[in-house]
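Input: a single structure, listed below in structure tokens.
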2 protein chains.
Amino acid sequence: MTDVKTRAGALSTREHPHLGVLLSRAQRLLYDRLLERFAAAGFADLRYAHGGVFSFLPESGIRLTALAERARMTKQSMGELVRDLESLGYVERRQDPADGRARIVAFTAKGARANEIGVRALRNLEFEWGRQLASGRMAQLRATLETLTDVGAT
Amino acid sequence: MTDVKTRAGALSTREHPHLGVLLSRAQRLLYDRLLERFAAAGFADLRYAHGGVFSFLPESGIRLTALAERARMTKQSMGELVRDLESLGYVERRQDPADGRARIVAFTAKGARANEIGVRALRNLEFEWGRQLASGRMAQLRATLETLTDVGAT
DNA sequence: AAATGTCGTCAGGTTACCTTACGGTTTCGC
DNA sequence: GCGAAACCGTAAGGTAACCTGACGACATTT
């Protein structure tokens, strides 16, 4: 019988935030760092939401509808992101030769360069963060999150 | 020299989403489940953003400005959330006897009940998710995220 | 060649924040 | 004590990042 009778004031305390708070903070931290690195590399006009495009656009290009599905958002919303990135010169849209209705969204040369920066920055951040943790913990973090998001558990 | 020359197409592929994607998915999954449980318990009018209040409001009540700081948002934004929850009957504001400028935001009886549901749901979800992972992994997930968000690494 | 379905856009919300400005209180320095 | 500075909360207005509904252009099916 300890004194800690789990009377649990708020959902979480300032000292011990709950899992949701921890997840948002980690995510925000990661994206802030990532955007800093984009900016430092000369791509200061990239915004948080553009990640939805960069994160799911394959080098070979992809249709808007498919891209939206991957990013788990509506085609309308993705359409706006793509239009925005197009006007900034990161992606372009060309007619799909195989289907008159469709167009293929793909990186421009500039977009590919930015993407490369992003890939490196993410790898680098993961490495740096991993060094501040006990050995193997970063790999376990990834694995744990993959399992949880795969299962879509209870 | 493997075949995997890290030509890394997009920031991440559909099969191997990057850390940021994993973090958002886990977070979204968690909050969706949490809101489902609130709804099932009769608190269907609670929205995602209300978490900013529930997550940081102590039983003893707190000033708006302090609450906003804890949740890391502006007092204006927090003010709107609190006003909303007040009109829904979850919190109330009373004059701070110690300071004429300030008012204390605190749970109503209804709010305290909802908070209790939330505390339990989070504990339960963490437990259920933990069962689908190797032993000790959920605890490690928390610990790892705490370390990362504490440090605000690199 | 008509019905039906898919691709993307247009129009018009909503949510969840933010900045600037300000009107009341308290506290602090003198 | 008394003006200056600091703090508490609100008001007003804006923006980013989504969403739904409707539709016109093209494809596929039958």
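Just remember, in the structure tokens the first chain shown is A, the second B, etc., residues are 1-based per chain, and ligands are 1-based in the order shown.
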Give me, as a tab-separated table, each residue of chain C that comes within 8 Å of segment 2-13 of chain D, together with its shortest interatomic pair and the distance in Å at one decimal, counting only C-alpha atoms (C1' of nucleotides), with rows ordered by chain and rising residue number.
```
residue	atom	partner	partner_atom	distance
C:DT25	C1'	D:DC8	C1'	7.9
C:DT26	C1'	D:DC7	C1'	7.8
C:DT27	C1'	D:DA6	C1'	7.9
C:DC28	C1'	D:DA5	C1'	7.9
```
Residues of the last selection are to be written out with C-alpha atoms (C1' of nucleotides), as a PDB file, in the first residue's frame.
```pdb
ATOM      1  C1'  DT C  25      -5.416  44.347 -11.877  1.00  0.00           C
ATOM      2  C1'  DT C  26      -1.574  43.756  -9.227  1.00  0.00           C
ATOM      3  C1'  DT C  27       3.018  44.607  -7.847  1.00  0.00           C
ATOM      4  C1'  DC C  28       7.222  46.990  -7.739  1.00  0.00           C
TER       5       DC C  28
END
```
When DSSP works through the backbone of this structure, what residues of chain A end up as strand (DSSP E or B), shown as a list in words?
-> Ile62, Arg63, Val91, Glu92, Arg93, Arg94, Gln95, Arg103, Ile104, Val105, Ala106 and Phe107 of chain A
Exercise answer, chain A residues close to chain D, 9 Å and only C-alpha atoms (C1' of nucleotides), as a ChimeraX atom specification = /A:49,73-74,76-77,99-102
Name the residues of segment 1-100 of chain B that come out as alpha helix (DSSP H) in a backbone DSSP run; write them as a PDB file with N, CA and C atoms, in the first residue's frame.
```
ATOM      1  N   LEU B  19      10.340   7.691 -39.784  1.00  0.00           N
ATOM      2  CA  LEU B  19       9.995   7.867 -38.373  1.00  0.00           C
ATOM      3  C   LEU B  19       8.843   8.840 -38.147  1.00  0.00           C
ATOM      4  N   GLY B  20       8.840   9.936 -38.906  1.00  0.00           N
ATOM      5  CA  GLY B  20       7.783  10.926 -38.740  1.00  0.00           C
ATOM      6  C   GLY B  20       6.416  10.358 -39.079  1.00  0.00           C
ATOM      7  N   VAL B  21       6.350   9.604 -40.144  1.00  0.00           N
ATOM      8  CA  VAL B  21       5.091   8.981 -40.538  1.00  0.00           C
ATOM      9  C   VAL B  21       4.639   7.994 -39.464  1.00  0.00           C
ATOM     10  N   LEU B  22       5.576   7.228 -38.961  1.00  0.00           N
ATOM     11  CA  LEU B  22       5.230   6.260 -37.913  1.00  0.00           C
ATOM     12  C   LEU B  22       4.708   6.957 -36.666  1.00  0.00           C
ATOM     13  N   LEU B  23       5.364   8.037 -36.301  1.00  0.00           N
ATOM     14  CA  LEU B  23       4.914   8.774 -35.121  1.00  0.00           C
ATOM     15  C   LEU B  23       3.515   9.339 -35.318  1.00  0.00           C
ATOM     16  N   SER B  24       3.247   9.927 -36.497  1.00  0.00           N
ATOM     17  CA  SER B  24       1.885  10.465 -36.670  1.00  0.00           C
ATOM     18  C   SER B  24       0.845   9.382 -36.689  1.00  0.00           C
ATOM     19  N   ARG B  25       1.174   8.274 -37.313  1.00  0.00           N
ATOM     20  CA  ARG B  25       0.165   7.216 -37.367  1.00  0.00           C
ATOM     21  C   ARG B  25      -0.151   6.668 -35.993  1.00  0.00           C
ATOM     22  N   ALA B  26       0.883   6.476 -35.205  1.00  0.00           N
ATOM     23  CA  ALA B  26       0.663   5.948 -33.854  1.00  0.00           C
ATOM     24  C   ALA B  26      -0.187   6.922 -33.042  1.00  0.00           C
ATOM     25  N   GLN B  27       0.133   8.191 -33.191  1.00  0.00           N
ATOM     26  CA  GLN B  27      -0.606   9.206 -32.450  1.00  0.00           C
ATOM     27  C   GLN B  27      -2.070   9.250 -32.868  1.00  0.00           C
ATOM     28  N   ARG B  28      -2.275   9.240 -34.154  1.00  0.00           N
ATOM     29  CA  ARG B  28      -3.641   9.291 -34.672  1.00  0.00           C
ATOM     30  C   ARG B  28      -4.450   8.080 -34.229  1.00  0.00           C
ATOM     31  N   LEU B  29      -3.798   6.940 -34.310  1.00  0.00           N
ATOM     32  CA  LEU B  29      -4.439   5.701 -33.882  1.00  0.00           C
ATOM     33  C   LEU B  29      -4.869   5.803 -32.430  1.00  0.00           C
ATOM     34  N   LEU B  30      -3.964   6.251 -31.616  1.00  0.00           N
ATOM     35  CA  LEU B  30      -4.240   6.372 -30.184  1.00  0.00           C
ATOM     36  C   LEU B  30      -5.414   7.305 -29.921  1.00  0.00           C
ATOM     37  N   TYR B  31      -5.384   8.491 -30.533  1.00  0.00           N
ATOM     38  CA  TYR B  31      -6.441   9.463 -30.267  1.00  0.00           C
ATOM     39  C   TYR B  31      -7.779   9.030 -30.851  1.00  0.00           C
ATOM     40  N   ASP B  32      -7.750   8.346 -31.984  1.00  0.00           N
ATOM     41  CA  ASP B  32      -9.008   7.848 -32.525  1.00  0.00           C
ATOM     42  C   ASP B  32      -9.647   6.863 -31.549  1.00  0.00           C
ATOM     43  N   ARG B  33      -8.837   5.979 -31.039  1.00  0.00           N
ATOM     44  CA  ARG B  33      -9.354   4.998 -30.077  1.00  0.00           C
ATOM     45  C   ARG B  33      -9.861   5.675 -28.813  1.00  0.00           C
ATOM     46  N   LEU B  34      -9.118   6.657 -28.380  1.00  0.00           N
ATOM     47  CA  LEU B  34      -9.487   7.383 -27.165  1.00  0.00           C
ATOM     48  C   LEU B  34     -10.825   8.092 -27.341  1.00  0.00           C
ATOM     49  N   LEU B  35     -10.988   8.755 -28.475  1.00  0.00           N
ATOM     50  CA  LEU B  35     -12.245   9.463 -28.719  1.00  0.00           C
ATOM     51  C   LEU B  35     -13.414   8.490 -28.845  1.00  0.00           C
ATOM     52  N   GLU B  36     -13.148   7.334 -29.411  1.00  0.00           N
ATOM     53  CA  GLU B  36     -14.187   6.306 -29.481  1.00  0.00           C
ATOM     54  C   GLU B  36     -14.673   5.945 -28.074  1.00  0.00           C
ATOM     55  N   ARG B  37     -13.723   5.816 -27.179  1.00  0.00           N
ATOM     56  CA  ARG B  37     -14.092   5.421 -25.821  1.00  0.00           C
ATOM     57  C   ARG B  37     -14.822   6.525 -25.080  1.00  0.00           C
ATOM     58  N   PHE B  38     -14.429   7.754 -25.347  1.00  0.00           N
ATOM     59  CA  PHE B  38     -15.178   8.877 -24.771  1.00  0.00           C
ATOM     60  C   PHE B  38     -16.612   8.833 -25.290  1.00  0.00           C
ATOM     61  N   ALA B  39     -16.740   8.651 -26.588  1.00  0.00           N
ATOM     62  CA  ALA B  39     -18.072   8.632 -27.193  1.00  0.00           C
ATOM     63  C   ALA B  39     -18.909   7.497 -26.607  1.00  0.00           C
ATOM     64  N   ALA B  40     -18.288   6.331 -26.459  1.00  0.00           N
ATOM     65  CA  ALA B  40     -19.004   5.171 -25.920  1.00  0.00           C
ATOM     66  C   ALA B  40     -19.457   5.417 -24.481  1.00  0.00           C
ATOM     67  N   GLY B  51      -8.174  17.649 -25.961  1.00  0.00           N
ATOM     68  CA  GLY B  51      -7.094  16.956 -25.269  1.00  0.00           C
ATOM     69  C   GLY B  51      -6.084  17.918 -24.677  1.00  0.00           C
ATOM     70  N   GLY B  52      -5.901  19.041 -25.326  1.00  0.00           N
ATOM     71  CA  GLY B  52      -4.979  20.041 -24.812  1.00  0.00           C
ATOM     72  C   GLY B  52      -5.371  20.535 -23.424  1.00  0.00           C
ATOM     73  N   VAL B  53      -6.667  20.521 -23.148  1.00  0.00           N
ATOM     74  CA  VAL B  53      -7.133  20.907 -21.827  1.00  0.00           C
ATOM     75  C   VAL B  53      -7.040  19.715 -20.861  1.00  0.00           C
ATOM     76  N   PHE B  54      -7.696  18.623 -21.231  1.00  0.00           N
ATOM     77  CA  PHE B  54      -7.706  17.451 -20.347  1.00  0.00           C
ATOM     78  C   PHE B  54      -6.302  16.971 -19.986  1.00  0.00           C
ATOM     79  N   LEU B  64      -5.582  30.079 -16.695  1.00  0.00           N
ATOM     80  CA  LEU B  64      -5.567  29.914 -18.151  1.00  0.00           C
ATOM     81  C   LEU B  64      -4.161  30.044 -18.721  1.00  0.00           C
ATOM     82  N   THR B  65      -3.457  31.064 -18.298  1.00  0.00           N
ATOM     83  CA  THR B  65      -2.127  31.311 -18.834  1.00  0.00           C
ATOM     84  C   THR B  65      -1.181  30.142 -18.565  1.00  0.00           C
ATOM     85  N   ALA B  66      -1.265  29.610 -17.336  1.00  0.00           N
ATOM     86  CA  ALA B  66      -0.404  28.484 -16.975  1.00  0.00           C
ATOM     87  C   ALA B  66      -0.782  27.239 -17.770  1.00  0.00           C
ATOM     88  N   LEU B  67      -2.084  27.053 -17.961  1.00  0.00           N
ATOM     89  CA  LEU B  67      -2.555  25.899 -18.726  1.00  0.00           C
ATOM     90  C   LEU B  67      -2.043  25.969 -20.162  1.00  0.00           C
ATOM     91  N   ALA B  68      -2.115  27.172 -20.718  1.00  0.00           N
ATOM     92  CA  ALA B  68      -1.640  27.363 -22.088  1.00  0.00           C
ATOM     93  C   ALA B  68      -0.151  27.049 -22.200  1.00  0.00           C
ATOM     94  N   GLU B  69       0.603  27.469 -21.194  1.00  0.00           N
ATOM     95  CA  GLU B  69       2.037  27.192 -21.202  1.00  0.00           C
ATOM     96  C   GLU B  69       2.318  25.699 -21.187  1.00  0.00           C
ATOM     97  N   ARG B  70       1.604  25.001 -20.317  1.00  0.00           N
ATOM     98  CA  ARG B  70       1.803  23.552 -20.236  1.00  0.00           C
ATOM     99  C   ARG B  70       1.509  22.870 -21.555  1.00  0.00           C
ATOM    100  N   ALA B  71       0.437  23.323 -22.186  1.00  0.00           N
ATOM    101  CA  ALA B  71       0.034  22.694 -23.443  1.00  0.00           C
ATOM    102  C   ALA B  71       0.828  23.254 -24.625  1.00  0.00           C
ATOM    103  N   LYS B  75      -2.301  31.695 -25.026  1.00  0.00           N
ATOM    104  CA  LYS B  75      -3.414  31.803 -24.090  1.00  0.00           C
ATOM    105  C   LYS B  75      -4.726  32.041 -24.827  1.00  0.00           C
ATOM    106  N   GLN B  76      -4.639  32.720 -25.964  1.00  0.00           N
ATOM    107  CA  GLN B  76      -5.847  32.963 -26.760  1.00  0.00           C
ATOM    108  C   GLN B  76      -6.454  31.660 -27.271  1.00  0.00           C
ATOM    109  N   SER B  77      -5.603  30.796 -27.804  1.00  0.00           N
ATOM    110  CA  SER B  77      -6.085  29.513 -28.312  1.00  0.00           C
ATOM    111  C   SER B  77      -6.651  28.675 -27.178  1.00  0.00           C
ATOM    112  N   MET B  78      -5.907  28.628 -26.082  1.00  0.00           N
ATOM    113  CA  MET B  78      -6.383  27.866 -24.934  1.00  0.00           C
ATOM    114  C   MET B  78      -7.687  28.450 -24.416  1.00  0.00           C
ATOM    115  N   GLY B  79      -7.775  29.770 -24.444  1.00  0.00           N
ATOM    116  CA  GLY B  79      -8.997  30.417 -24.000  1.00  0.00           C
ATOM    117  C   GLY B  79     -10.209  29.942 -24.778  1.00  0.00           C
ATOM    118  N   GLU B  80     -10.019  29.741 -26.050  1.00  0.00           N
ATOM    119  CA  GLU B  80     -11.135  29.291 -26.867  1.00  0.00           C
ATOM    120  C   GLU B  80     -11.528  27.854 -26.524  1.00  0.00           C
ATOM    121  N   LEU B  81     -10.533  27.023 -26.330  1.00  0.00           N
ATOM    122  CA  LEU B  81     -10.820  25.633 -25.956  1.00  0.00           C
ATOM    123  C   LEU B  81     -11.570  25.575 -24.624  1.00  0.00           C
ATOM    124  N   VAL B  82     -11.099  26.381 -23.684  1.00  0.00           N
ATOM    125  CA  VAL B  82     -11.724  26.393 -22.360  1.00  0.00           C
ATOM    126  C   VAL B  82     -13.159  26.915 -22.450  1.00  0.00           C
ATOM    127  N   ARG B  83     -13.365  27.964 -23.206  1.00  0.00           N
ATOM    128  CA  ARG B  83     -14.715  28.509 -23.367  1.00  0.00           C
ATOM    129  C   ARG B  83     -15.653  27.443 -23.958  1.00  0.00           C
ATOM    130  N   ASP B  84     -15.102  26.717 -24.912  1.00  0.00           N
ATOM    131  CA  ASP B  84     -15.872  25.657 -25.552  1.00  0.00           C
ATOM    132  C   ASP B  84     -16.244  24.566 -24.541  1.00  0.00           C
ATOM    133  N   LEU B  85     -15.254  24.116 -23.799  1.00  0.00           N
ATOM    134  CA  LEU B  85     -15.512  23.059 -22.807  1.00  0.00           C
ATOM    135  C   LEU B  85     -16.419  23.569 -21.687  1.00  0.00           C
ATOM    136  N   GLU B  86     -16.363  24.862 -21.435  1.00  0.00           N
ATOM    137  CA  GLU B  86     -17.235  25.432 -20.419  1.00  0.00           C
ATOM    138  C   GLU B  86     -18.693  25.374 -20.888  1.00  0.00           C
ATOM    139  N   SER B  87     -18.894  25.721 -22.152  1.00  0.00           N
ATOM    140  CA  SER B  87     -20.256  25.720 -22.674  1.00  0.00           C
ATOM    141  C   SER B  87     -20.799  24.289 -22.782  1.00  0.00           C
TER     142      SER B  87
END
```
Output as a VMD selection string the set of chain B residues within 8 Å of chain A, with distances taken over only C-alpha atoms.
-> chain B and resid 8 to 14 17 to 27 29 to 31 33 54 to 59 70 115 to 116 118 to 119 122 125 128 to 129 132 to 133 137 to 138 141 to 142 144 to 149 152 to 154
Those residues you just picked out, can you put them in a file as an mmCIF file, in the first residue's frame with C-alpha atoms?
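File written: part_2.cif
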```cif
data_model
loop_
_atom_site.group_PDB
_atom_site.id
_atom_site.type_symbol
_atom_site.label_atom_id
_atom_site.label_comp_id
_atom_site.auth_asym_id
_atom_site.auth_seq_id
_atom_site.Cartn_x
_atom_site.Cartn_y
_atom_site.Cartn_z
ATOM 1 C CA ALA B 8 16.115 5.789 -51.628
ATOM 2 C CA GLY B 9 13.293 6.925 -53.868
ATOM 3 C CA ALA B 10 10.987 9.007 -51.767
ATOM 4 C CA LEU B 11 11.538 10.056 -48.204
ATOM 5 C CA SER B 12 9.990 6.771 -47.334
ATOM 6 C CA THR B 13 8.308 3.986 -49.189
ATOM 7 C CA ARG B 14 4.922 2.526 -48.538
ATOM 8 C CA PRO B 17 7.534 4.705 -43.735
ATOM 9 C CA HIS B 18 9.987 7.048 -42.064
ATOM 10 C CA LEU B 19 9.995 7.867 -38.373
ATOM 11 C CA GLY B 20 7.783 10.926 -38.740
ATOM 12 C CA VAL B 21 5.091 8.981 -40.538
ATOM 13 C CA LEU B 22 5.230 6.260 -37.913
ATOM 14 C CA LEU B 23 4.914 8.774 -35.121
ATOM 15 C CA SER B 24 1.885 10.465 -36.670
ATOM 16 C CA ARG B 25 0.165 7.216 -37.367
ATOM 17 C CA ALA B 26 0.663 5.948 -33.854
ATOM 18 C CA GLN B 27 -0.606 9.206 -32.450
ATOM 19 C CA LEU B 29 -4.439 5.701 -33.882
ATOM 20 C CA LEU B 30 -4.240 6.372 -30.184
ATOM 21 C CA TYR B 31 -6.441 9.463 -30.267
ATOM 22 C CA ARG B 33 -9.354 4.998 -30.077
ATOM 23 C CA PHE B 54 -7.706 17.451 -20.347
ATOM 24 C CA SER B 55 -4.070 16.506 -20.721
ATOM 25 C CA PHE B 56 -2.817 19.386 -18.631
ATOM 26 C CA LEU B 57 -5.572 20.487 -16.292
ATOM 27 C CA PRO B 58 -4.818 19.379 -12.714
ATOM 28 C CA GLU B 59 -7.637 18.490 -10.323
ATOM 29 C CA ARG B 70 1.803 23.552 -20.236
ATOM 30 C CA ASN B 115 -11.331 12.782 -17.218
ATOM 31 C CA GLU B 116 -11.537 9.562 -15.252
ATOM 32 C CA GLY B 118 -9.830 9.205 -20.289
ATOM 33 C CA VAL B 119 -7.288 8.164 -17.703
ATOM 34 C CA LEU B 122 -5.283 5.527 -21.904
ATOM 35 C CA LEU B 125 -4.949 1.117 -24.430
ATOM 36 C CA GLU B 128 -3.599 -3.753 -24.654
ATOM 37 C CA TRP B 129 -0.996 -2.474 -27.071
ATOM 38 C CA GLN B 132 0.824 -7.233 -28.691
ATOM 39 C CA LEU B 133 4.463 -6.387 -28.319
ATOM 40 C CA ARG B 137 8.574 -2.955 -25.225
ATOM 41 C CA MET B 138 5.775 -0.596 -24.270
ATOM 42 C CA LEU B 141 8.650 3.057 -25.952
ATOM 43 C CA ARG B 142 7.591 5.473 -23.224
ATOM 44 C CA THR B 144 12.612 6.336 -25.274
ATOM 45 C CA LEU B 145 10.085 9.018 -26.158
ATOM 46 C CA GLU B 146 10.588 10.692 -22.807
ATOM 47 C CA THR B 147 14.300 10.824 -23.342
ATOM 48 C CA LEU B 148 13.994 12.179 -26.844
ATOM 49 C CA THR B 149 11.459 14.841 -25.998
ATOM 50 C CA GLY B 152 15.151 17.988 -27.547
ATOM 51 C CA ALA B 153 18.070 16.250 -29.122
ATOM 52 C CA THR B 154 20.455 17.619 -31.698
#
```
For chain C against chain B, which residues fall within 12 Å using only C-alpha atoms (C1' of nucleotides), given as a PyMOL selection string?
-> chain C and resi 15-20+23-27
Save the residues we just selected, C-alpha atoms (C1' of nucleotides), as a compact mmCIF listing (two decimals), in the first residue's frame?
```txt
# COMPACT_ATOMS: atom_id res chain seq x y z
C1' DT C 15 -10.94 22.96 -37.14
C1' DA C 16 -7.12 24.33 -34.80
C1' DC C 17 -4.27 27.06 -34.31
C1' DC C 18 -1.67 32.20 -34.58
C1' DT C 19 -0.68 37.62 -34.17
C1' DT C 20 -1.87 42.21 -32.80
C1' DG C 23 -8.71 47.06 -21.10
C1' DG C 24 -8.50 45.56 -16.21
C1' DT C 25 -5.42 44.35 -11.88
C1' DT C 26 -1.57 43.76 -9.23
C1' DT C 27 3.02 44.61 -7.85
```
For the atom pair atom CA of Glu92 of chain B and atom CA of Arg113 of chain B, what is the interatomic distance in Å to one decimal place?
->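 Atom CA of Arg113 of chain B lies 14.1 Å from atom CA of Glu92 of chain B.
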Atom CA of Val91 of chain B to atom CA of Arg72 of chain B, straight-line distance in Å = 19.5 Å
